[in-house]
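Asker: Below you will find the structure I want to go over with you.
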Amino acid sequence: MGVRLVVVDDHRLLAEALASALKLRGHRVLAASAPSAGAAELVLGRSPEVCLFGTAAPAAPGAFEPVARIRRERPAVAVVVLGPVPDPRGIAAAFAAGASGYVRHDERIEGVERAMAKARAGEVAIAQPLLQGAFAELLDPAQQPDDEGVRLLEMLTPREIEVLVRVAEGEDTRLIAAGMRIAPSTARTHVQRVLMKLGVGSRLEAAALAARTGLLDRAAAPGPR
């Protein structure tokens with residue numbers, strides 16, 4: 001039996017691609033949209049059984065406010081988070097906000113379906129190794145990610161840091177250009193330089209790396225870096 005759901009992600013292409021794949025497998029997708037900050041409005045308007053909530057930066061402040069609102073106002077809706085791994089802080093934040101499951105972004109479609117079914121049935125949907133890894137990291141945090149965040153931050157110019165923050169917030173090139181009052185071509189160049197300096201191949205990877213290493217938290221911190 002198919003699941004009635006909405007799909008949101010910080011990247012519209014990912015949301016629409018996942019929605020199309022799930023439709024082909026017999027599920028009823030009521031809406032697919034971006035960014036994930038609008039998830040609560042979609043859920044309140046459509047009343048699905050499950051909300052797939054994709055975020056590139058689960059450890060960012062306020063990332064799961066829509067999840068918490070959904071749980072308050074539509075407690076019957078199960079929220080399954082699609083996020084980067086490893087990110088123990090993000091996993092903890094997701095469940096603290098009321099998520100029913102957490103699935104890594106690179107999971108196969110069958111894994112997403114299993115998580116949806118478990119969440120709809122009222123069960124916790126997270127792979128055991130993922131949960132164990134999160135607990136291990138939270139109980140015995142390594143210092144290396146923090147050091148890596150410092151190193152990466154020092155590689156970027158203030159302008160590039162602003163671009164990275166906007167990328168992590170799900171802004172596309174047009175929004176970045178408008179927010180920074182620069183030409184779209186200039187914004188595109190800044191994004192490419194950020195990806196090159198971070199050694200990643202996509203905006204999603206850049207946002208996930210920034211969240212995992214604490215780079216975003218450091219970029220938002222006052223005072224000299």
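Going through the structure tokens in order, the chains are called A, B, and so on, while each chain numbers its residues from 1 and the ligands are numbered from 1 in the order shown.
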Tell me which protein, DNA and RNA residues are within 12 Å of Ser20 in chain A, counting only C-alpha atoms, leaving out same-chain ones fewer than 6 positions away, and put them as a PDB file with C-alpha atoms, in the first residue's frame.

Answerer:
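Writing done, so here's result33.pdb:
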```
ATOM      1  CA  VAL A   6       5.113  15.393   0.904  1.00  0.00           C
ATOM      2  CA  VAL A   7       8.765  15.770  -0.040  1.00  0.00           C
ATOM      3  CA  LEU A  13      15.990  19.117  -7.992  1.00  0.00           C
ATOM      4  CA  LEU A  14      16.548  16.542  -5.247  1.00  0.00           C
ATOM      5  CA  GLY A  26       3.172   3.538  -6.154  1.00  0.00           C
ATOM      6  CA  HIS A  27       3.284   6.239  -3.501  1.00  0.00           C
ATOM      7  CA  ARG A  28       1.037   9.292  -3.528  1.00  0.00           C
ATOM      8  CA  VAL A  29       3.164  12.447  -3.462  1.00  0.00           C
ATOM      9  CA  LEU A  30       0.955  15.382  -2.488  1.00  0.00           C
ATOM     10  CA  ALA A  31       3.673  17.999  -2.993  1.00  0.00           C
ATOM     11  CA  ALA A  32       7.405  18.357  -3.642  1.00  0.00           C
ATOM     12  CA  ILE A 109      15.264   4.299  -2.668  1.00  0.00           C
TER      13      ILE A 109
END
```

Asker: Show which residues sit within 9 Å of Arg174 in chain A, as a list in words. Count only C-alpha atoms, and ignore same-chain residues fewer than 6 positions away.

Answerer: Ala183, Pro184, Ala187 and Arg188 of chain A

Asker: Can you pull out every residue within 6 Å of Gly54 in chain A, counting only C-alpha atoms, but drop anything in the same chain fewer than 5 positions away, and send it as a PyMOL selection string?

Answerer: chain A and resi 8-9+81-83

Asker: Can I get the selected residues back with all heavy atoms, as a PDB file, in the first residue's frame?

Answerer:
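What follows is the written file part.pdb:
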```
ATOM      1  N   VAL A   8      10.173  17.527   0.839  1.00  0.00           N
ATOM      2  CA  VAL A   8      10.824  18.841   0.808  1.00  0.00           C
ATOM      3  C   VAL A   8      12.333  18.642   0.935  1.00  0.00           C
ATOM      4  O   VAL A   8      12.790  17.690   1.562  1.00  0.00           O
ATOM      5  CB  VAL A   8      10.321  19.770   1.941  1.00  0.00           C
ATOM      6  CG1 VAL A   8       8.874  20.127   1.755  1.00  0.00           C
ATOM      7  CG2 VAL A   8      10.549  19.132   3.299  1.00  0.00           C
ATOM      8  N   ASP A   9      13.075  19.520   0.326  1.00  0.00           N
ATOM      9  CA  ASP A   9      14.534  19.454   0.409  1.00  0.00           C
ATOM     10  C   ASP A   9      15.072  20.856   0.145  1.00  0.00           C
ATOM     11  O   ASP A   9      14.416  21.664  -0.530  1.00  0.00           O
ATOM     12  CB  ASP A   9      15.106  18.466  -0.615  1.00  0.00           C
ATOM     13  CG  ASP A   9      16.554  18.097  -0.307  1.00  0.00           C
ATOM     14  OD1 ASP A   9      17.462  18.901  -0.594  1.00  0.00           O
ATOM     15  OD2 ASP A   9      16.765  17.000   0.236  1.00  0.00           O
ATOM     16  N   VAL A  81      13.780  12.471   8.280  1.00  0.00           N
ATOM     17  CA  VAL A  81      14.806  13.407   7.835  1.00  0.00           C
ATOM     18  C   VAL A  81      15.784  12.710   6.902  1.00  0.00           C
ATOM     19  O   VAL A  81      16.221  11.580   7.162  1.00  0.00           O
ATOM     20  CB  VAL A  81      15.568  13.994   9.046  1.00  0.00           C
ATOM     21  CG1 VAL A  81      16.744  14.854   8.585  1.00  0.00           C
ATOM     22  CG2 VAL A  81      14.615  14.815   9.906  1.00  0.00           C
ATOM     23  N   LEU A  82      16.102  13.376   5.800  1.00  0.00           N
ATOM     24  CA  LEU A  82      17.149  12.920   4.889  1.00  0.00           C
ATOM     25  C   LEU A  82      18.321  13.878   5.066  1.00  0.00           C
ATOM     26  O   LEU A  82      18.209  15.062   4.756  1.00  0.00           O
ATOM     27  CB  LEU A  82      16.662  12.955   3.439  1.00  0.00           C
ATOM     28  CG  LEU A  82      15.363  12.204   3.135  1.00  0.00           C
ATOM     29  CD1 LEU A  82      14.976  12.408   1.675  1.00  0.00           C
ATOM     30  CD2 LEU A  82      15.522  10.730   3.433  1.00  0.00           C
ATOM     31  N   GLY A  83      19.435  13.376   5.582  1.00  0.00           N
ATOM     32  CA  GLY A  83      20.545  14.274   5.884  1.00  0.00           C
ATOM     33  C   GLY A  83      21.899  13.652   5.635  1.00  0.00           C
ATOM     34  O   GLY A  83      22.018  12.466   5.334  1.00  0.00           O
TER      35      GLY A  83
END
```

Asker: How far is it from CA of Leu204 in chain A to CA of Ala34 in chain A, in Å with one decimal?

Answerer: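 Going from CA of Leu204 in chain A over to CA of Ala34 in chain A covers 13.4 Å.
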
Asker: I'd like the neighbourhood of Ala60 in chain A as a list of chain:residue names, where a residue qualifies if any of its atoms comes within 9 Å (using only C-alpha atoms), though same-chain residues fewer than 2 positions away should be ignored.

Answerer: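 In the requested format, the answer is A:Ala57, A:Pro58, A:Gly62, A:Ala63, A:Phe64, A:Gly90, A:Ala168, A:Glu169, A:Ala211, A:Gly214, A:Leu216, A:Asp217.
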
Asker: Out of A:Val67, A:Arg159, A:Lys118, A:Ala127, which residue has the shortest atom-to-atom distance to Val103 in chain A when counting only C-alpha atoms?

Answerer: A:Ala127

Asker: At a cut-off of 8 Å, using only C-alpha atoms, what residues contact range 39-41 of chain A? Leave out same-chain residues fewer than 6 positions from it and give the result as an NGL selection string.

Answerer: :A and (8 or 51 or 53 or 66-67 or 69-70)

Asker: Where in chain A does DSSP assign helix (DSSP H, G or I), given as a ChimeraX atom specification?

Answerer: /A:12-24,36-46,65-73,88-96,109-120,128-139,144-155,158-168,173-180,184-198,203-213,215-220
